[in-house]
file run10.tsv (TSV, C-alpha atoms and all ligand atoms)
chain	number	residue	atom	x	y	z
E	1	MET	CA	-91.66	-5.97	1.19
E	2	PRO	CA	-92.27	-6.75	4.83
E	3	ILE	CA	-89.62	-5.31	7.12
E	4	THR	CA	-88.62	-8.51	8.93
E	5	GLU	CA	-86.54	-9.29	11.98
E	6	ALA	CA	-83.82	-10.71	9.73
E	7	LEU	CA	-82.85	-7.15	8.78
E	8	SER	CA	-80.45	-5.04	10.80
E	9	ALA	CA	-81.63	-1.93	12.62
E	10	LEU	CA	-80.07	0.24	9.92
E	11	GLU	CA	-81.69	-1.78	7.13
E	12	LYS	CA	-85.08	-1.46	8.86
E	13	LYS	CA	-84.61	2.29	9.18
E	14	VAL	CA	-83.69	2.70	5.51
E	15	CYS	CA	-86.62	0.48	4.45
E	16	ALA	CA	-89.08	2.46	6.59
E	17	ASP	CA	-87.78	5.70	5.11
E	18	ILE	CA	-88.38	4.36	1.59
E	19	ALA	CA	-91.83	2.92	2.43
E	20	ALA	CA	-92.96	6.37	3.53
E	21	GLN	CA	-92.21	7.73	0.05
E	22	ARG	CA	-94.63	5.58	-2.01
E	23	ASP	CA	-96.97	8.37	-3.17
E	24	GLY	CA	-94.06	10.66	-3.96
E	25	LEU	CA	-92.36	7.93	-6.00
E	26	VAL	CA	-95.51	7.34	-8.06
E	27	ASN	CA	-95.83	11.08	-8.75
E	28	GLU	CA	-92.20	11.39	-9.64
E	29	LEU	CA	-92.35	8.44	-12.02
E	30	ALA	CA	-95.35	10.03	-13.74
E	31	GLN	CA	-93.32	13.23	-14.25
E	32	TRP	CA	-90.36	11.33	-15.70
E	33	VAL	CA	-92.60	9.28	-17.98
E	34	ALA	CA	-94.08	12.48	-19.42
E	35	ILE	CA	-90.61	13.61	-20.58
E	36	PRO	CA	-90.21	12.39	-24.17
E	37	THR	CA	-87.09	10.21	-24.23
E	38	GLY	CA	-87.83	8.02	-27.23
E	39	PHE	CA	-85.53	7.47	-30.15
E	40	ASN	CA	-83.24	10.39	-30.88
E	41	ASN	CA	-85.16	12.93	-28.79
E	42	THR	CA	-82.18	15.00	-27.72
E	43	GLN	CA	-84.19	17.58	-25.81
E	44	GLY	CA	-86.04	15.05	-23.67
E	45	LEU	CA	-82.93	12.94	-23.07
E	46	ASP	CA	-80.98	16.05	-22.03
E	47	GLU	CA	-83.80	17.07	-19.69
E	48	LEU	CA	-84.00	13.71	-17.93
E	49	ARG	CA	-80.19	13.44	-17.78
E	50	GLY	CA	-80.15	16.82	-16.09
E	51	ILE	CA	-82.75	15.74	-13.52
E	52	VAL	CA	-81.06	12.49	-12.52
E	53	THR	CA	-77.52	13.84	-12.44
E	54	GLN	CA	-78.61	16.79	-10.28
E	55	ARG	CA	-80.21	14.38	-7.83
E	56	LEU	CA	-76.95	12.48	-7.53
E	57	GLU	CA	-74.86	15.65	-7.38
E	58	ALA	CA	-76.97	16.65	-4.36
E	59	LEU	CA	-75.55	13.51	-2.72
E	60	GLY	CA	-72.01	14.66	-3.50
E	61	ALA	CA	-71.43	12.95	-6.86
E	62	ARG	CA	-69.47	14.58	-9.65
E	63	THR	CA	-70.75	14.18	-13.21
E	64	SER	CA	-68.58	13.74	-16.29
E	65	LEU	CA	-70.05	13.54	-19.78
E	66	MET	CA	-68.10	11.03	-21.85
E	67	PRO	CA	-68.40	11.71	-25.59
E	68	GLY	CA	-70.07	8.98	-27.64
E	69	ASP	CA	-68.84	7.11	-30.69
E	70	PRO	CA	-70.60	7.08	-34.09
E	71	ARG	CA	-72.44	3.92	-35.06
E	72	PRO	CA	-72.10	1.98	-38.33
E	73	ALA	CA	-73.99	3.93	-41.00
E	74	TRP	CA	-75.36	0.76	-42.66
E	75	LEU	CA	-77.57	0.04	-39.64
E	76	GLY	CA	-79.72	2.95	-40.78
E	77	GLU	CA	-82.13	1.37	-43.18
E	78	GLY	CA	-82.93	-1.68	-41.14
E	79	ARG	CA	-83.49	-0.01	-37.83
E	80	MET	CA	-83.63	3.33	-36.15
E	81	VAL	CA	-80.35	5.20	-36.10
E	82	SER	CA	-79.69	8.41	-34.28
E	83	ASP	CA	-78.00	11.32	-36.04
E	84	ASN	CA	-77.02	12.62	-32.65
E	85	VAL	CA	-74.25	11.07	-30.63
E	86	PRO	CA	-75.36	11.44	-27.01
E	87	PRO	CA	-72.77	11.32	-24.22
E	88	LEU	CA	-72.55	8.81	-21.39
E	89	ALA	CA	-73.12	10.59	-18.07
E	90	VAL	CA	-70.86	9.19	-15.36
E	91	CYS	CA	-71.80	10.27	-11.81
E	92	ARG	CA	-69.09	9.29	-9.38
E	93	HIS	CA	-69.48	9.44	-5.63
E	94	GLU	CA	-66.21	8.96	-3.81
E	95	ALA	CA	-66.82	8.26	-0.16
E	96	LYS	CA	-64.28	8.67	2.60
E	97	CYS	CA	-63.88	4.88	2.73
E	98	GLY	CA	-62.52	4.74	-0.81
E	99	LEU	CA	-63.17	4.61	-4.52
E	100	PRO	CA	-66.40	3.08	-5.86
E	101	LYS	CA	-66.38	-0.66	-6.41
E	102	VAL	CA	-70.04	-0.81	-7.51
E	103	LEU	CA	-71.05	0.47	-10.93
E	104	ILE	CA	-74.79	1.12	-11.31
E	105	ALA	CA	-75.93	1.28	-14.93
E	106	GLY	CA	-79.09	2.91	-16.23
E	107	HIS	CA	-80.40	4.00	-19.62
E	108	LEU	CA	-82.46	7.14	-20.14
E	109	ASP	CA	-83.92	6.23	-23.52
E	110	THR	CA	-87.26	4.51	-24.00
E	111	VAL	CA	-88.63	2.64	-26.99
E	112	PHE	CA	-91.67	4.90	-27.19
E	113	ASP	CA	-91.51	8.64	-27.26
E	114	PRO	CA	-94.44	10.19	-25.39
E	115	ARG	CA	-95.21	12.72	-28.09
E	116	GLY	CA	-97.87	10.54	-29.65
E	117	LYS	CA	-100.90	8.91	-28.05
E	118	PHE	CA	-98.89	6.85	-25.58
E	119	ARG	CA	-97.54	9.73	-23.55
E	120	GLU	CA	-98.59	9.70	-19.92
E	121	MET	CA	-98.59	7.32	-17.04
E	122	THR	CA	-102.11	6.24	-16.18
E	123	VAL	CA	-102.74	4.55	-12.84
E	124	SER	CA	-105.25	1.70	-12.63
E	125	PRO	CA	-108.44	2.37	-10.59
E	126	ASP	CA	-107.18	0.13	-7.77
E	127	GLY	CA	-103.91	2.10	-7.66
E	128	LYS	CA	-101.81	-1.04	-8.11
E	129	THR	CA	-100.38	-0.59	-11.60
E	130	GLY	CA	-99.28	2.20	-13.88
E	131	ASN	CA	-99.13	2.13	-17.68
E	132	GLY	CA	-96.85	4.38	-19.71
E	133	PRO	CA	-93.74	4.52	-21.91
E	134	GLY	CA	-90.70	3.43	-19.95
E	135	VAL	CA	-92.47	2.83	-16.62
E	136	VAL	CA	-90.49	-0.38	-16.12
E	137	ASP	CA	-87.88	-0.10	-18.88
E	138	MET	CA	-86.39	1.67	-17.18
E	139	LYS	CA	-87.51	4.94	-15.65
E	140	GLY	CA	-88.91	3.04	-12.66
E	141	GLY	CA	-85.57	1.25	-12.30
E	142	ILE	CA	-83.54	4.47	-12.29
E	143	LEU	CA	-85.94	5.98	-9.78
E	144	ILE	CA	-85.60	3.10	-7.29
E	145	ALA	CA	-81.81	3.15	-7.45
E	146	ILE	CA	-81.61	6.92	-6.86
E	147	THR	CA	-84.17	6.61	-4.06
E	148	ALA	CA	-82.08	3.87	-2.46
E	149	LEU	CA	-78.89	5.94	-2.62
E	150	GLU	CA	-80.72	8.92	-1.11
E	151	ALA	CA	-82.13	6.80	1.72
E	152	ILE	CA	-78.66	5.47	2.51
E	153	ALA	CA	-77.28	9.01	2.61
E	154	ASP	CA	-80.21	10.17	4.76
E	155	ALA	CA	-79.32	7.44	7.25
E	156	GLY	CA	-75.87	9.01	7.54
E	157	ILE	CA	-74.04	6.24	5.65
E	158	ASP	CA	-71.38	7.39	3.21
E	159	LEU	CA	-70.99	4.77	0.46
E	160	PRO	CA	-68.95	5.10	-2.74
E	161	TRP	CA	-70.63	4.34	-6.07
E	162	THR	CA	-70.66	5.23	-9.73
E	163	PHE	CA	-73.95	5.63	-11.62
E	164	THR	CA	-73.88	5.78	-15.42
E	165	PHE	CA	-76.67	6.94	-17.74
E	166	ASN	CA	-76.57	6.28	-21.45
E	167	SER	CA	-79.16	7.37	-24.00
E	168	ASP	CA	-78.89	4.68	-26.67
E	169	GLU	CA	-79.42	1.33	-24.95
E	170	GLU	CA	-82.61	0.53	-26.77
E	171	THR	CA	-80.85	0.96	-30.11
E	172	GLY	CA	-77.79	-1.15	-29.20
E	173	SER	CA	-75.53	1.14	-27.09
E	174	PHE	CA	-73.28	1.73	-30.09
E	175	HIS	CA	-72.53	5.28	-28.95
E	176	SER	CA	-71.86	4.47	-25.31
E	177	ASP	CA	-70.27	1.01	-25.45
E	178	SER	CA	-66.61	2.03	-25.28
E	179	ALA	CA	-67.18	4.53	-22.45
E	180	LEU	CA	-69.26	1.95	-20.52
E	181	ARG	CA	-66.55	-0.68	-20.95
E	182	ALA	CA	-63.93	1.76	-19.69
E	183	GLU	CA	-66.05	2.32	-16.56
E	184	ALA	CA	-66.59	-1.44	-16.14
E	185	LYS	CA	-62.84	-1.94	-15.83
E	186	LYS	CA	-62.67	0.52	-12.89
E	187	HIS	CA	-65.21	-1.41	-10.78
E	188	GLU	CA	-65.71	-4.82	-9.15
E	189	ILE	CA	-69.50	-5.29	-9.22
E	190	GLY	CA	-72.09	-4.23	-11.79
E	191	LEU	CA	-75.74	-3.56	-10.92
E	192	ALA	CA	-78.15	-2.57	-13.69
E	193	VAL	CA	-81.75	-1.59	-13.12
E	194	GLU	CA	-83.46	-3.29	-16.05
E	195	PRO	CA	-86.90	-4.66	-15.12
E	196	GLY	CA	-86.96	-7.80	-13.00
E	197	LEU	CA	-88.04	-10.97	-14.78
E	198	PRO	CA	-91.72	-11.90	-14.28
E	199	GLY	CA	-92.32	-12.06	-10.54
E	200	GLY	CA	-89.17	-10.02	-9.87
E	201	GLY	CA	-86.63	-12.76	-10.67
E	202	LEU	CA	-83.02	-12.23	-11.68
E	203	ALA	CA	-81.48	-13.01	-15.06
E	204	ILE	CA	-78.26	-14.88	-14.44
E	205	ALA	CA	-77.44	-15.53	-18.11
E	206	ARG	CA	-78.28	-13.76	-21.35
E	207	LYS	CA	-77.74	-14.60	-24.97
E	208	GLY	CA	-75.58	-12.42	-27.18
E	209	SER	CA	-76.99	-10.51	-30.12
E	210	GLY	CA	-75.60	-9.40	-33.48
E	211	GLN	CA	-76.97	-7.28	-36.32
E	212	PHE	CA	-76.26	-7.78	-40.00
E	213	LEU	CA	-77.10	-6.35	-43.41
E	214	ILE	CA	-76.73	-8.30	-46.63
E	215	ASP	CA	-76.69	-6.07	-49.68
E	216	ILE	CA	-77.06	-7.67	-53.12
E	217	ARG	CA	-76.36	-6.14	-56.55
E	218	GLY	CA	-77.67	-7.73	-59.77
E	219	ARG	CA	-78.27	-6.48	-63.32
E	220	SER	CA	-81.44	-4.71	-64.35
E	221	ALA	CA	-83.31	-5.77	-67.51
E	222	HIS	CA	-86.77	-5.47	-69.05
E	223	ALA	CA	-88.74	-8.42	-67.67
E	224	GLY	CA	-90.43	-9.02	-71.03
E	225	ARG	CA	-87.91	-8.06	-73.71
E	226	ALA	CA	-84.62	-9.06	-72.06
E	227	PHE	CA	-85.34	-11.14	-68.97
E	228	PHE	CA	-82.44	-13.54	-69.55
E	229	GLU	CA	-79.94	-10.69	-69.79
E	230	GLY	CA	-80.82	-9.65	-66.25
E	231	VAL	CA	-79.44	-10.93	-62.95
E	232	SER	CA	-82.11	-10.79	-60.28
E	233	ALA	CA	-80.89	-9.48	-56.95
E	234	VAL	CA	-84.20	-10.56	-55.40
E	235	TYR	CA	-83.71	-14.17	-56.46
E	236	ALA	CA	-80.20	-14.10	-54.97
E	237	LEU	CA	-81.68	-12.63	-51.81
E	238	GLY	CA	-84.08	-15.58	-51.61
E	239	GLN	CA	-81.17	-18.01	-51.79
E	240	VAL	CA	-79.25	-16.10	-49.14
E	241	LEU	CA	-82.36	-16.00	-46.96
E	242	THR	CA	-82.79	-19.77	-46.89
E	243	LYS	CA	-79.11	-20.22	-46.00
E	244	LEU	CA	-79.52	-17.76	-43.13
E	245	HIS	CA	-82.63	-19.56	-41.95
E	246	ASP	CA	-80.70	-22.84	-41.88
E	247	LEU	CA	-78.19	-21.32	-39.43
E	248	SER	CA	-80.85	-21.37	-36.69
E	249	ASP	CA	-80.40	-24.37	-34.42
E	250	ALA	CA	-82.88	-24.99	-31.62
E	251	THR	CA	-80.72	-27.56	-29.83
E	252	ARG	CA	-77.82	-25.13	-29.60
E	253	GLU	CA	-80.12	-22.16	-28.89
E	254	ILE	CA	-78.93	-20.24	-31.95
E	255	SER	CA	-81.48	-18.13	-33.80
E	256	VAL	CA	-81.09	-16.07	-36.95
E	257	ASN	CA	-84.03	-13.79	-37.68
E	258	VAL	CA	-84.37	-12.02	-41.03
E	259	GLY	CA	-86.34	-8.86	-41.67
E	260	PRO	CA	-86.91	-6.26	-42.95
E	261	LEU	CA	-86.34	-6.98	-46.63
E	262	LYS	CA	-85.98	-4.67	-49.61
E	263	GLY	CA	-85.90	-5.49	-53.30
E	264	GLY	CA	-87.31	-4.64	-56.70
E	265	GLU	CA	-89.10	-1.59	-58.02
E	266	ALA	CA	-91.74	-2.85	-60.46
E	267	THR	CA	-92.94	-6.24	-61.65
E	268	ASN	CA	-91.68	-5.65	-65.19
E	269	ILE	CA	-88.06	-4.93	-64.23
E	270	VAL	CA	-85.50	-7.56	-63.22
E	271	PRO	CA	-84.40	-6.13	-59.87
E	272	ASP	CA	-80.78	-5.03	-59.67
E	273	HIS	CA	-80.77	-4.39	-55.92
E	274	ALA	CA	-82.00	-6.19	-52.87
E	275	ALA	CA	-81.10	-6.07	-49.20
E	276	LEU	CA	-82.03	-7.75	-45.97
E	277	TRP	CA	-81.37	-6.93	-42.35
E	278	GLY	CA	-81.32	-9.49	-39.59
E	279	ASN	CA	-80.43	-10.37	-36.04
E	280	ALA	CA	-78.61	-13.38	-34.59
E	281	ARG	CA	-78.80	-14.61	-30.98
E	282	TYR	CA	-76.39	-17.08	-29.40
E	283	PRO	CA	-75.77	-18.38	-25.87
E	284	ALA	CA	-71.96	-18.30	-26.13
E	285	ASN	CA	-69.53	-16.07	-27.99
E	286	GLU	CA	-67.90	-19.07	-29.74
E	287	LEU	CA	-71.31	-19.84	-31.24
E	288	GLY	CA	-71.70	-16.17	-32.18
E	289	ASP	CA	-68.32	-16.35	-33.94
E	290	GLU	CA	-69.44	-19.50	-35.77
E	291	VAL	CA	-72.65	-17.83	-36.97
E	292	GLY	CA	-70.72	-14.70	-37.90
E	293	ARG	CA	-68.27	-16.69	-40.03
E	294	ALA	CA	-71.17	-18.45	-41.78
E	295	ILE	CA	-72.79	-15.09	-42.54
E	296	ASP	CA	-69.48	-13.66	-43.79
E	297	ALA	CA	-69.16	-16.68	-46.11
E	298	LEU	CA	-72.29	-15.57	-47.99
E	299	ALA	CA	-70.30	-12.68	-49.49
E	300	THR	CA	-69.11	-13.02	-53.09
E	301	PRO	CA	-65.98	-11.46	-54.62
E	302	ALA	CA	-66.35	-7.84	-55.74
E	303	GLY	CA	-67.44	-7.52	-59.34
E	304	THR	CA	-69.31	-10.83	-59.53
E	305	LEU	CA	-73.02	-10.86	-60.33
E	306	PRO	CA	-74.97	-11.22	-58.22
E	307	GLU	CA	-72.61	-9.43	-55.86
E	308	VAL	CA	-73.34	-10.15	-52.21
E	309	THR	CA	-71.85	-7.81	-49.59
E	310	VAL	CA	-72.07	-8.56	-45.88
E	311	HIS	CA	-72.01	-5.96	-43.11
E	312	ARG	CA	-72.32	-7.12	-39.56
E	313	VAL	CA	-71.68	-6.05	-36.00
E	314	PHE	CA	-72.15	-8.52	-33.16
E	315	SER	CA	-72.22	-5.83	-30.52
E	316	ARG	CA	-73.93	-7.60	-27.60
E	317	PRO	CA	-71.65	-10.38	-26.41
E	318	ALA	CA	-73.27	-13.38	-24.73
E	319	LYS	CA	-73.54	-13.15	-20.95
E	320	PRO	CA	-73.11	-16.74	-19.78
E	321	GLU	CA	-73.44	-17.61	-16.12
E	322	ILE	CA	-70.04	-17.15	-14.42
E	323	PRO	CA	-69.19	-17.97	-10.79
E	324	ALA	CA	-68.80	-14.33	-9.71
E	325	THR	CA	-72.21	-13.36	-11.11
E	326	ARG	CA	-73.82	-16.47	-9.62
E	327	ALA	CA	-72.33	-15.56	-6.22
E	328	LEU	CA	-73.70	-12.02	-6.51
E	329	ALA	CA	-77.13	-13.39	-7.47
E	330	GLU	CA	-77.05	-15.75	-4.45
E	331	GLN	CA	-76.20	-12.81	-2.20
E	332	ILE	CA	-79.19	-10.87	-3.56
E	333	ARG	CA	-81.43	-13.93	-3.14
E	334	ALA	CA	-80.35	-14.31	0.50
E	335	LEU	CA	-81.12	-10.64	1.11
E	336	ALA	CA	-84.53	-10.96	-0.55
E	337	ARG	CA	-85.26	-13.96	1.70
E	338	ASP	CA	-84.46	-11.81	4.71
E	339	MET	CA	-87.08	-9.43	3.30
E	340	GLY	CA	-89.62	-12.24	2.96
E	341	GLU	CA	-89.37	-12.75	-0.78
E	342	GLU	CA	-88.10	-15.62	-2.94
E	343	LEU	CA	-86.31	-14.52	-6.11
E	344	ALA	CA	-86.18	-16.94	-9.04
E	345	PHE	CA	-83.15	-17.20	-11.34
E	346	ALA	CA	-83.52	-17.59	-15.10
E	347	SER	CA	-81.71	-17.10	-18.38
E	348	THR	CA	-83.12	-14.96	-21.16
E	349	GLY	CA	-82.61	-14.25	-24.84
E	350	GLY	CA	-83.04	-10.53	-24.21
E	351	VAL	CA	-79.93	-8.36	-24.17
E	352	CYS	CA	-78.92	-5.20	-22.35
E	353	ASP	CA	-75.86	-3.28	-21.20
E	354	GLY	CA	-75.26	-6.04	-18.63
E	355	ASN	CA	-73.99	-8.15	-21.56
E	356	ASN	CA	-71.32	-5.59	-22.41
E	357	LEU	CA	-70.37	-4.79	-18.79
E	358	GLN	CA	-69.77	-8.45	-17.97
E	359	ASP	CA	-67.91	-8.97	-21.26
E	360	ALA	CA	-65.63	-6.14	-20.13
E	361	GLY	CA	-64.85	-8.15	-16.99
E	362	LEU	CA	-67.46	-6.81	-14.55
E	363	PRO	CA	-69.69	-9.46	-12.89
E	364	THR	CA	-73.14	-7.91	-13.32
E	365	ILE	CA	-76.71	-8.54	-12.21
E	366	ASP	CA	-78.86	-6.43	-14.47
E	367	THR	CA	-82.47	-7.14	-13.43
E	368	LEU	CA	-82.61	-5.14	-10.20
E	369	GLY	CA	-85.22	-2.69	-11.44
E	370	VAL	CA	-88.96	-2.73	-10.84
E	371	ARG	CA	-91.58	-5.38	-11.57
E	372	GLY	CA	-94.01	-5.09	-14.46
E	373	GLY	CA	-94.36	-6.31	-17.99
E	374	ASP	CA	-95.10	-5.75	-21.68
E	375	LEU	CA	-91.76	-4.04	-22.25
E	376	HIS	CA	-91.48	-2.22	-25.58
E	377	LYS	CA	-95.27	-2.31	-26.05
E	378	THR	CA	-97.89	0.38	-25.51
E	379	SER	CA	-99.29	-1.85	-22.76
E	380	GLU	CA	-96.02	-1.55	-20.74
E	381	TRP	CA	-96.97	-1.57	-17.07
E	382	ILE	CA	-95.40	-1.35	-13.63
E	383	GLU	CA	-96.50	-2.86	-10.35
E	384	LEU	CA	-96.40	0.38	-8.33
E	385	ASP	CA	-95.62	-1.33	-5.00
E	386	SER	CA	-92.36	-2.46	-6.59
E	387	LEU	CA	-91.15	1.17	-6.53
E	388	VAL	CA	-90.94	0.72	-2.78
E	389	ASP	CA	-89.79	-2.85	-2.35
E	390	ARG	CA	-87.22	-2.81	-5.14
E	391	ALA	CA	-85.79	0.47	-3.74
E	392	GLN	CA	-85.61	-1.28	-0.36
E	393	LEU	CA	-83.88	-4.28	-1.90
E	394	PHE	CA	-81.42	-2.05	-3.76
E	395	ALA	CA	-80.63	0.01	-0.66
E	396	CYS	CA	-80.04	-3.03	1.56
E	397	LEU	CA	-77.97	-4.65	-1.19
E	398	MET	CA	-75.71	-1.60	-1.40
E	399	LEU	CA	-75.31	-1.64	2.39
E	400	ARG	CA	-74.43	-5.35	2.47
E	401	LEU	CA	-72.05	-5.16	-0.52
E	402	HIS	CA	-70.09	-2.61	1.49
E	403	GLY	CA	-70.40	-4.41	4.82
E	404	ALA	CA	-72.21	-1.31	6.06
E	405	ASN	CA	-75.42	-3.00	7.27
B	501	ZN	ZN	-84.05	-1.45	-20.73

call {"tool": "encode", "arguments": {"input": "run10.tsv", "output": "structure tokens", "more": "lines below"}}
Ligand SMILES: [Zn+2]
result
Amino acid sequence: MPITEALSALEKKVCADIAAQRDGLVNELAQWVAIPTGFNNTQGLDELRGIVTQRLEALGARTSLMPGDPRPAWLGEGRMVSDNVPPLAVCRHEAKCGLPKVLIAGHLDTVFDPRGKFREMTVSPDGKTGNGPGVVDMKGGILIAITALEAIADAGIDLPWTFTFNSDEETGSFHSDSALRAEAKKHEIGLAVEPGLPGGGLAIARKGSGQFLIDIRGRSAHAGRAFFEGVSAVYALGQVLTKLHDLSDATREISVNVGPLKGGEATNIVPDHAALWGNARYPANELGDEVGRAIDALATPAGTLPEVTVHRVFSRPAKPEIPATRALAEQIRALARDMGEELAFASTGGVCDGNNLQDAGLPTIDTLGVRGGDLHKTSEWIELDSLVDRAQLFACLMLRLHGAN
């Protein structure tokens, strides 16, 4: 970002300090990316947690590890579930001017674990982009926020903040949700360093998301000798599936996606078991409740055949636009303008911990991380210049939120 005349002398100084670190930031990101932090990799997650908490402790923060909660066991067959229950690291920096009002949220886990082919950050020949697991989601984001806090401290400014790191965001934050919500209630403003929207824009609203499993029991029979004595769980699953599909409603922005499916063992046996897993998205919690009730209504009384059992957990509440979050977004947009950049606002169907923080009462902007794209794909990339300008934006934002600019 250009360092413009609209910035204060202190903001210019902090921005210049960050700009001088570009090569170091790229190298550091490459080191973090090479630490395997994919699903359930306790060793890698512990290593990265140690690195980031030590950096913040060097600024005077104290770290507490909040124990995690178990997640519903039924989620296991439809999606990845960790056997480990990682803690939430809470790094609190209490400045002389008072307790933290800003909660910064980051997640250490990545969708890919760099133990396979996709393991290192590679920089494009022109030096503009890097490709690697978690470069934007969200190792780059955590790096810019820590860099910003360090630059503020280097400028002699003592700001209070809390920085949390969970290790299960990509699998739904089931372990860390209650500890994150408890932290949300102690703060006034939430900042999360998920990747910016394309072009660096801010998400000002997000849909909610819920997971479900529908488990169906039938009666097995020989498909040739005794077909009509059987009760096909797969047929019942088909009927349930069409009812679920009908719950999607484009005009009300409700979607119900089904998959994976399980059912049957051989073509000559009437299947006595079938199951499906699915995900619902909804722009408001009332609509999520409505969808949830409709899914619950698919259950049949115990002992009936076919017997349909519903398990569900709608764990990511919707994050509608609220005045406090809009005001925070406008403040960030005004700052970005002072830095010569126009930030777009948008809503998204993607979910993150910002959903849960705001649901717990904390107005949150969660797209303050770096720019890039192809999240959750092996082509995930970062625009390397954004390590500098998003760290500058984050640093100036922290200064302005505290009236310290
Ligand atoms: Zn993320």

call {"tool": "residues_near_ligand", "arguments": {"input": "run10.tsv", "ligand": "ligand ZN 501 (chain B)", "cutoff": "10 Å", "atoms": "all atoms listed in the file", "output": "PyMOL selection string"}}
result
chain E and resi 106-111+134+136-139+141+168-170+192-195+350-353+366-367+369+375-376

call {"tool": "residues_around", "arguments": {"input": "run10.tsv", "residues": "Ile204 of chain E", "least_positions_apart": "3", "cutoff": "6 Å", "atoms": "only C-alpha atoms", "output": "PDB file with C-alpha atoms, in the coordinates of the input"}}
result
ATOM      1  CA  GLU E 321     -73.440 -17.610 -16.120  1.00  0.00           C
ATOM      2  CA  ALA E 346     -83.520 -17.590 -15.100  1.00  0.00           C
ATOM      3  CA  SER E 347     -81.710 -17.100 -18.380  1.00  0.00           C
TER       4      SER E 347
END

call {"tool": "closest_residue", "arguments": {"input": "run10.tsv", "among": "E:Asn131, E:Thr37, E:Ser167, E:Gln31", "to": "Leu65 of chain E", "atoms": "all atoms listed in the file"}}
result
E:Ser167

call {"tool": "closest_residue", "arguments": {"input": "run10.tsv", "among": "E:Ala266, E:Ala302, E:Ala250, E:Ala9", "to": "Pro283 of chain E", "atoms": "only C-alpha atoms"}}
result
E:Ala250

call {"tool": "atom_distance", "arguments": {"input": "run10.tsv", "atom1": "atom CA of Leu357 of chain E", "atom2": "atom CA of His175 of chain E"}}
result
14.5 Å

call {"tool": "closest_residue", "arguments": {"input": "run10.tsv", "among": "E:Pro306, E:Gly230, E:Pro86, E:Gly238", "to": "Gly44 of chain E", "atoms": "all atoms listed in the file"}}
result
E:Pro86

call {"tool": "axis_aligned_box", "arguments": {"input": "run10.tsv", "around": "segment 340-354 of chain E", "padding_each_side": "8 Å", "output": "AutoDock Vina command-line options"}}
result
--center_x -82.4 --center_y -10.4 --center_z -10.9 --size_x 30.4 --size_y 30.3 --size_z 43.8

call {"tool": "closest_residue", "arguments": {"input": "run10.tsv", "among": "E:Val240, E:Asp113, E:Pro301, E:Val313", "to": "Gln43 of chain E", "atoms": "only C-alpha atoms"}}
result
E:Asp113
